Amino acid sequence: MPLHVPPAPAPALRSVLTALGSPTAVREARTPSLRAAQGPATPELPLPVHVLDRITAQGLSATRLAGWRFLIRCGDRAVAAADTMLTPDGWAFSHFFEGPYVTSTERALEQAEALQQPYQARLLSVPGLYMLTLWLHGDCAADGAEGHPAATDLLVPLAPAPPGIPTHRPYPVAELLPVLTHRATPVPLLGSPA
């Protein structure tokens, strides 16, 4: 089944293209793979990055859109990623980066293509657990910048994930959320009021 990638805002894409065309932005980025890339670098697969700031004992709190991430492809593979952020003046380039989340995202997207149901691809960051997931949203026509995970959506933890959470395994939100809730809930210290 085809994986649906929501269209990024045009100013976000333009800001990444401008940064890729800037020798200063590329040279100053901490991305040796991007600096050493041979041939043209193109931004592809824009994914809205949603952040889950809090997980409560009652379940999911609302998510917020933090930006758009583009995989930067040179030849047949992604060598880096570019993040954009919303500023008072609109969408702007934030930074380039490389590392395990780039290859893990690319791998998870390839796995999602093989699923028997169509999904809209998004990213969901859980900063409290230092965790990033590919969020496969069941409503392919939804605005990629809106909403929160439905119980039937899938979350695919990207590598590296917190200990004990296998990566690249699709979990229904209803199955993974209790694990994340347990992990994110602070444990009272001995001798402190509970």
# chains A, B, ... in the order shown; residues from 1 in each chain; ligands from 1
>>> residues_around(residues="region 1-8 of chain A", least_positions_apart="5", cutoff="9 Å", atoms="only C-alpha atoms", output="mmCIF file with N, CA and C atoms, in the first residue's frame")
data_model
loop_
_atom_site.group_PDB
_atom_site.id
_atom_site.type_symbol
_atom_site.label_atom_id
_atom_site.label_comp_id
_atom_site.auth_asym_id
_atom_site.auth_seq_id
_atom_site.Cartn_x
_atom_site.Cartn_y
_atom_site.Cartn_z
ATOM 1 N N LEU A 13 9.845 24.212 2.631
ATOM 2 C CA LEU A 13 10.662 23.610 1.570
ATOM 3 C C LEU A 13 11.620 24.639 0.985
ATOM 4 N N LEU A 45 10.720 13.551 1.185
ATOM 5 C CA LEU A 45 9.912 12.968 2.258
ATOM 6 C C LEU A 45 9.709 13.922 3.439
ATOM 7 N N PRO A 46 9.041 15.046 3.218
ATOM 8 C CA PRO A 46 8.790 15.958 4.336
ATOM 9 C C PRO A 46 7.858 15.306 5.351
ATOM 10 N N LEU A 47 8.265 15.329 6.598
ATOM 11 C CA LEU A 47 7.453 14.736 7.663
ATOM 12 C C LEU A 47 7.180 15.781 8.731
ATOM 13 N N PRO A 48 5.907 15.965 9.085
ATOM 14 C CA PRO A 48 5.627 16.872 10.193
ATOM 15 C C PRO A 48 6.133 16.242 11.489
ATOM 16 N N TRP A 68 8.943 20.701 10.503
ATOM 17 C CA TRP A 68 8.925 19.737 9.404
ATOM 18 C C TRP A 68 10.347 19.256 9.198
ATOM 19 N N LEU A 109 10.316 4.040 7.081
ATOM 20 C CA LEU A 109 9.448 4.423 5.964
ATOM 21 C C LEU A 109 9.364 3.297 4.933
ATOM 22 N N ALA A 112 7.092 0.697 6.340
ATOM 23 C CA ALA A 112 5.696 1.134 6.323
ATOM 24 C C ALA A 112 5.079 0.977 4.938
ATOM 25 N N GLU A 113 5.902 1.123 3.911
ATOM 26 C CA GLU A 113 5.405 0.933 2.539
ATOM 27 C C GLU A 113 4.867 -0.480 2.330
ATOM 28 N N ALA A 114 5.396 -1.444 3.078
ATOM 29 C CA ALA A 114 5.008 -2.846 2.898
ATOM 30 C C ALA A 114 3.739 -3.220 3.668
ATOM 31 N N LEU A 115 3.249 -2.326 4.513
ATOM 32 C CA LEU A 115 2.042 -2.636 5.286
ATOM 33 C C LEU A 115 0.832 -2.742 4.362
ATOM 34 N N GLN A 116 -0.157 -3.473 4.798
ATOM 35 C CA GLN A 116 -1.332 -3.732 3.968
ATOM 36 C C GLN A 116 -2.400 -2.643 4.060
ATOM 37 N N GLN A 117 -2.123 -1.603 4.813
ATOM 38 C CA GLN A 117 -3.098 -0.524 4.987
ATOM 39 C C GLN A 117 -2.411 0.799 4.691
ATOM 40 N N PRO A 118 -3.105 1.741 4.049
ATOM 41 C CA PRO A 118 -2.478 3.042 3.791
ATOM 42 C C PRO A 118 -2.405 3.878 5.079
ATOM 43 N N TYR A 119 -1.310 4.586 5.221
ATOM 44 C CA TYR A 119 -1.107 5.465 6.379
ATOM 45 C C TYR A 119 -0.510 6.783 5.912
ATOM 46 N N GLN A 120 -0.718 7.794 6.740
ATOM 47 C CA GLN A 120 -0.041 9.068 6.546
ATOM 48 C C GLN A 120 1.171 9.079 7.471
ATOM 49 N N ALA A 121 2.338 9.390 6.935
ATOM 50 C CA ALA A 121 3.579 9.364 7.711
ATOM 51 C C ALA A 121 3.807 10.690 8.427
ATOM 52 N N ARG A 122 4.144 10.572 9.702
ATOM 53 C CA ARG A 122 4.486 11.715 10.543
ATOM 54 C C ARG A 122 5.577 11.252 11.494
ATOM 55 N N LEU A 136 2.345 6.498 12.141
ATOM 56 C CA LEU A 136 1.551 6.135 10.977
ATOM 57 C C LEU A 136 0.087 6.410 11.295
ATOM 58 N N CYS A 140 -5.391 9.297 5.948
ATOM 59 C CA CYS A 140 -4.446 9.812 4.957
ATOM 60 C C CYS A 140 -4.827 11.191 4.434
ATOM 61 N N ALA A 141 -6.084 11.575 4.581
ATOM 62 C CA ALA A 141 -6.532 12.878 4.084
ATOM 63 C C ALA A 141 -6.406 13.973 5.140
ATOM 64 N N ALA A 142 -5.991 13.622 6.347
ATOM 65 C CA ALA A 142 -5.894 14.605 7.427
ATOM 66 C C ALA A 142 -4.793 15.621 7.151
ATOM 67 N N ASP A 143 -4.937 16.781 7.748
ATOM 68 C CA ASP A 143 -3.897 17.798 7.703
ATOM 69 C C ASP A 143 -2.732 17.284 8.548
ATOM 70 N N GLY A 144 -1.570 17.103 7.955
ATOM 71 C CA GLY A 144 -0.417 16.555 8.657
ATOM 72 C C GLY A 144 0.047 17.391 9.829
ATOM 73 N N ALA A 145 -0.364 18.644 9.876
ATOM 74 C CA ALA A 145 0.057 19.542 10.944
ATOM 75 C C ALA A 145 -0.887 19.505 12.145
#
>>> residues_around(residues="Thr87 (chain A)", least_positions_apart="3", cutoff="12 Å", atoms="only C-alpha atoms", output="VMD selection string")
chain A and resid 11 to 12 66 to 67 84 90 to 94
>>> write_last_selection(atoms="N, CA, C and O atoms", output="PDB file, in the first residue's frame")
ATOM      1  N   PRO A  11       6.875  27.473   2.177  1.00  0.00           N
ATOM      2  CA  PRO A  11       8.004  28.229   2.744  1.00  0.00           C
ATOM      3  C   PRO A  11       9.008  27.344   3.480  1.00  0.00           C
ATOM      4  O   PRO A  11      10.207  27.652   3.502  1.00  0.00           O
ATOM      5  N   ALA A  12       8.560  26.240   4.080  1.00  0.00           N
ATOM      6  CA  ALA A  12       9.482  25.324   4.758  1.00  0.00           C
ATOM      7  C   ALA A  12      10.414  24.684   3.731  1.00  0.00           C
ATOM      8  O   ALA A  12      11.631  24.621   3.938  1.00  0.00           O
ATOM      9  N   ALA A  66       5.983  20.820  15.928  1.00  0.00           N
ATOM     10  CA  ALA A  66       7.229  21.519  16.244  1.00  0.00           C
ATOM     11  C   ALA A  66       7.983  21.934  14.984  1.00  0.00           C
ATOM     12  O   ALA A  66       8.817  22.831  15.039  1.00  0.00           O
ATOM     13  N   GLY A  67       7.713  21.272  13.871  1.00  0.00           N
ATOM     14  CA  GLY A  67       8.424  21.608  12.641  1.00  0.00           C
ATOM     15  C   GLY A  67       8.182  20.576  11.568  1.00  0.00           C
ATOM     16  O   GLY A  67       7.328  19.700  11.707  1.00  0.00           O
ATOM     17  N   THR A  84      12.979  22.287   9.940  1.00  0.00           N
ATOM     18  CA  THR A  84      12.476  23.653   9.852  1.00  0.00           C
ATOM     19  C   THR A  84      11.636  23.913  11.092  1.00  0.00           C
ATOM     20  O   THR A  84      11.207  22.974  11.772  1.00  0.00           O
ATOM     21  N   GLY A  90       7.044  33.057   9.875  1.00  0.00           N
ATOM     22  CA  GLY A  90       6.686  31.901   9.056  1.00  0.00           C
ATOM     23  C   GLY A  90       7.698  30.785   9.209  1.00  0.00           C
ATOM     24  O   GLY A  90       8.520  30.782  10.126  1.00  0.00           O
ATOM     25  N   TRP A  91       7.681  29.831   8.279  1.00  0.00           N
ATOM     26  CA  TRP A  91       8.565  28.681   8.343  1.00  0.00           C
ATOM     27  C   TRP A  91       9.977  29.080   7.956  1.00  0.00           C
ATOM     28  O   TRP A  91      10.183  29.787   6.973  1.00  0.00           O
ATOM     29  N   ALA A  92      10.958  28.576   8.748  1.00  0.00           N
ATOM     30  CA  ALA A  92      12.362  28.898   8.498  1.00  0.00           C
ATOM     31  C   ALA A  92      13.217  27.653   8.707  1.00  0.00           C
ATOM     32  O   ALA A  92      12.902  26.798   9.538  1.00  0.00           O
ATOM     33  N   PHE A  93      14.322  27.604   7.974  1.00  0.00           N
ATOM     34  CA  PHE A  93      15.299  26.535   8.149  1.00  0.00           C
ATOM     35  C   PHE A  93      15.856  26.613   9.565  1.00  0.00           C
ATOM     36  O   PHE A  93      16.171  27.684  10.066  1.00  0.00           O
ATOM     37  N   SER A  94      16.008  25.453  10.221  1.00  0.00           N
ATOM     38  CA  SER A  94      16.577  25.403  11.565  1.00  0.00           C
ATOM     39  C   SER A  94      18.006  24.871  11.524  1.00  0.00           C
ATOM     40  O   SER A  94      18.941  25.580  11.881  1.00  0.00           O
TER      41      SER A  94
END
>>> residues_around(residues="Tyr101 (chain A)", least_positions_apart="5", cutoff="8 Å", atoms="only C-alpha atoms", output="ChimeraX atom specification")
/A:158-160
>>> residues_around(residues="region 34-40 of chain A", least_positions_apart="4", cutoff="8 Å", atoms="only C-alpha atoms", output="PDB file with C-alpha atoms, in the first residue's frame")
ATOM      1  CA  VAL A  26      26.288  23.337   4.455  1.00  0.00           C
ATOM      2  CA  ARG A  27      29.929  23.935   5.433  1.00  0.00           C
ATOM      3  CA  CYS A  74      22.276  12.225  -2.418  1.00  0.00           C
ATOM      4  CA  GLY A  75      22.117   9.470  -4.967  1.00  0.00           C
ATOM      5  CA  VAL A  79      22.825  11.385   4.011  1.00  0.00           C
ATOM      6  CA  ALA A  80      21.325  13.929   6.400  1.00  0.00           C
TER       7      ALA A  80
END
